[in-house]
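As structure tokens, the structure follows; a few thoughts come after it.
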Amino acid sequence: MKKKKKTTEAERVVFTKEMREMGYTILIPTMLPRHFEMIAKVAGAYGYRAEVLENTGPATIEKGLRYVHNDTCYPAQLIIGQFISALESGKYDPRRVALLFAQTGGGCRASNYISLLRKALKKAGYDYVPVISLNFAGLEKNPGFHISLPMLRRLVYAVLYGDLLMLLENQCRPYEVRAGETRALSDALTDRLAGQLGRKSRLSYREIRATYAEIVSAYAKIERRQEERLRVGIVGEIFVKFSPLANNSLEQFLIDEGAEPVVPGLLGFAQYCIYNAIVDTELYGRGKRFRPIFRFAHKFVLKKQNHLIEAVTQNSDFTPPAYFEMTRRLAAECIGLGVKMGEGWLLPGEMLDLIHSGVTNIVCTQPFGCLPNHIVGKGMMKPIREKHPEANIVAVDYDAGATVINQQNRIKLMLANGREIAAKKKEEASV
């Protein structure tokens with residue numbers, strides 16, 4: 001009697017075409033609320049019913065700790081906790097939903113933690129819920145979920161729009177004369193842009209570029225106080241860096257403390273992933289036949305980023321986002337471009353880019369116990385400081401067991417040091 005061969009498909013619940021046609025709701029974990037709202041609308045334009053989860057708070061963290069070992073990566077705990085909390089909330093029919101989990105094809109949570117989610121679902125009694133892997137590395141496939149080239153193009157526009165809103169909102173909110181005006185504008189623009197990206201009719205790139213200029217002009221009309229504030233960069237592990245749930249609303253905390261947060265956008269991480277695929281073909285000979293595709297994608301996204309930067313510089317006095325090529329060149333001066341674990345060379349590259357642009361105060365966010373992220377983050381601080389003595393960097397660990405007060409106190413010390421350095425420079429300049 002022949003033994004039945006075990007296959008990967010047999011070990012997981014696959015999201016089928018029938019599920020898509022039945023209108024299954026695809027739940028997306030939160031990270032960048034504005035970006036993800038637009039991404040969900042793009043999915044809707046291509047026949048998927050998608051919704052970004054909004055359930056946050058201590059209950060979500062506790063739920064993650066219940067179903068995931070406490071030594072496991074903090075972002076994985078949060079995402080899994082958010083998924084299971086949503087399934088238990090009564091808001092959704094668990095037999096008519098699917099969960100979307102992103103994988104990059106790299107190490108750690110980026111590829112391996114999807115299995116933890118499936119184990120947690122089984123433990124919680126939801127092993128029948130399909131989990132969709134969003135990846136471009138061929139890790140897993142689902143017959144009912146496919147990203148076409150037109151859909152991918154709109155997803156890129158969603159990321160560009162989201163980055164632009166985040167950039168301009170952070171440059172207006174700390175200085176706005178009328179409290180709440182910036183956020184109200186951002187909310188209105190998010191709804192408008194989500195509607196634009198979610199429509200089923202053709203969307204021209206000329207319209208996208210015209211919308212960039214309108215967005216920049218709208219923020220430029222906000223009345224702002226002319227005052228000097230400490231500019232503070234935020235870098236680190238992608239989820240903790242961006243997610244208010246993971247970093248205890250770090251951007252808001254910095255604004256409340258009299259600083260201006262400066263956050264490198266999501267597009268930089270996407271460009272980093274594309275460029276790494278090119279590096280792999282050169283270092284390891286992997287996927288050589290796909291090299292032309294990777295190079296085309298890299299040039300395509302670079303061109304789109306350049307157009308966004310032009311829209312900012314030509315229509316306002318706002319500081320534009322960093323050029324990816326500059327980030328890459330600065331990173332290559334202190335770390336090999338083959339280093340890819342824990343945000344790899346991008347993390348020190350973003351720190352150097354911030355310093356190069358005059359943002360010398362930096363918070364490096366990292367999940368507690370994440371060795372790769374500590375190496376490329378905290379581990380690179382010494383060589384960065386040796387090259388740039390003016391750098392004022394603090395590494396802050398985020399974990400379910402870490403207290404918010406301790407985290408905020410470390411940041412406050414960095415801010416105090418930054419203000420002291422700034423005052424000294426001002427004094428020396430006036431002599």
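Quick note on naming: the chains in the structure tokens go A, B, ... in the order shown, residues restart at 1 in each chain, and ligands are numbered from 1 in order of appearance.
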Exercise. Out of segment 198-244 of chain A, which residues get alpha helix (DSSP H) from DSSP, as a list in words?
Worked result: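 The alpha helix (DSSP H) subset of segment 198-244 of chain A is Gly198, Tyr205, Arg206, Glu207, Ile208, Arg209, Ala210, Thr211, Tyr212, Ala213, Glu214, Ile215, Val216, Ser217, Ala218, Tyr219, Ala220, Ile238, Phe239, Val240, Lys241, Phe242 and Pro244 of chain A.
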Could you list, with a cut-off of 12 Å and counting only C-alpha atoms, the residues of segment 15-106 of chain A near segment 190-204 of chain A, each shown with its nearest atom pair and the distance in Å rounded to one decimal, rows sorted by chain and ascending number, as CSV?
residue,atom,partner,partner_atom,distance
A:Leu32,CA,A:Thr190,CA,12.0
A:Pro33,CA,A:Thr190,CA,9.6
A:Arg34,CA,A:Thr190,CA,6.2
A:His35,CA,A:Thr190,CA,8.4
A:Phe36,CA,A:Ala194,CA,9.5
A:Glu37,CA,A:Ala194,CA,6.8
A:Met38,CA,A:Ala194,CA,4.5
A:Ile39,CA,A:Ala194,CA,7.8
A:Ala40,CA,A:Gly198,CA,8.2
A:Lys41,CA,A:Gly198,CA,4.5
A:Val42,CA,A:Gly198,CA,4.8
A:Ala43,CA,A:Gly198,CA,7.5
A:Gly44,CA,A:Gly198,CA,6.3
A:Ala45,CA,A:Gly198,CA,4.9
A:Tyr46,CA,A:Lys200,CA,7.6
A:Gly47,CA,A:Lys200,CA,9.6
A:Tyr48,CA,A:Gly198,CA,10.9
A:Arg49,CA,A:Gly198,CA,11.4
A:Ala50,CA,A:Gly198,CA,11.4
For the interface of segment 281-312 of chain A with segment 333-340 of chain A (cut-off 10 Å, counting only C-alpha atoms), please tabulate each contacting residue of segment 281-312 of chain A alongside its nearest pair of atoms and their separation in Å to one decimal, rows sorted by chain and increasing number, as a tab-separated table.
residue	atom	partner	partner_atom	distance
A:Glu282	CA	A:Gly338	CA	9.8
A:Leu283	CA	A:Gly338	CA	7.6
A:Tyr284	CA	A:Gly338	CA	9.8
Exercise. Near Arg66 of chain A, counting only C-alpha atoms, which residues have an atom at most 12 Å away, once you skip same-chain residues fewer than 2 positions from it, shown as a PyMOL selection string?
Worked result: chain A and resi 59-64+68-70+72+77-78+80-82+84-85+120-121+123-124+400
Problem set entry | Between atom CA of Val13 of chain A and atom CA of Glu140 of chain A - distance in Å to one decimal | 11.5 Å
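You will find atom CA of Leu352 of chain A at 7.1 Å from atom CA of Ala331 of chain A.
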Problem set entry | strand (DSSP E) per DSSP on the backbone: members of segment 116-178 of chain A, as JSON, numbers by chain | {"A": [131, 132, 133, 134]}
Write out, as a CSV table (one decimal), in the first residue's frame, the residues just selected, with N, CA and C atoms.
chain,number,residue,atom,x,y,z
A,131,VAL,N,-5.9,31.7,5.5
A,131,VAL,CA,-4.9,32.7,5.6
A,131,VAL,C,-4.2,32.9,4.3
A,132,ILE,N,-4.3,34.2,3.8
A,132,ILE,CA,-3.7,34.5,2.5
A,132,ILE,C,-2.3,35.1,2.7
A,133,SER,N,-1.3,34.6,2.1
A,133,SER,CA,0.0,35.1,2.2
A,133,SER,C,0.2,36.1,1.0
A,134,LEU,N,0.4,37.4,1.4
A,134,LEU,CA,0.7,38.4,0.4
A,134,LEU,C,2.2,38.5,0.3
For this session: Mind checking which residues fall within 10 Å of Gln305 of chain A, counting only C-alpha atoms, ignoring those fewer than 3 positions away in the same chain, and posting them as a count of residues only?
Result: 16
Exercise. Can you list, as a list of chain:residue names, every protein, DNA or RNA residue that comes within 8 Å of Gln366 of chain A when you count only C-alpha atoms, leaving out same-chain residues fewer than 5 positions away?
Worked result: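 Once the adjacent positions are removed, what remains is A:Gly236, A:Glu237, A:Val240, A:Lys241, A:Asn373, A:His374, A:Gly377, A:Ala395, A:Val396, A:Asp397, A:Tyr398.
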For this session: Can you work out the spacing between atom CA of Ala210 of chain A and atom CA of Lys303 of chain A in Å, to one decimal?
Result: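 If I compute the distance from atom CA of Ala210 of chain A to atom CA of Lys303 of chain A, I get 15.7 Å.
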Problem set entry | Who sits within 9 Å of Val262 of chain A, only C-alpha atoms, same chain under 4 positions skipped, as a list in words |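 The residues satisfying every condition are Leu167, Asn170, Gln171, Arg231, Val232, Gly233, Ile234, Glu251, Leu354, Val359 and Ile362 of chain A.
Nearest residue to Ser217 of chain A among A:Arg291, A:His146, A:Arg173, A:Asn315 is A:Asn315, counting only C-alpha atoms.
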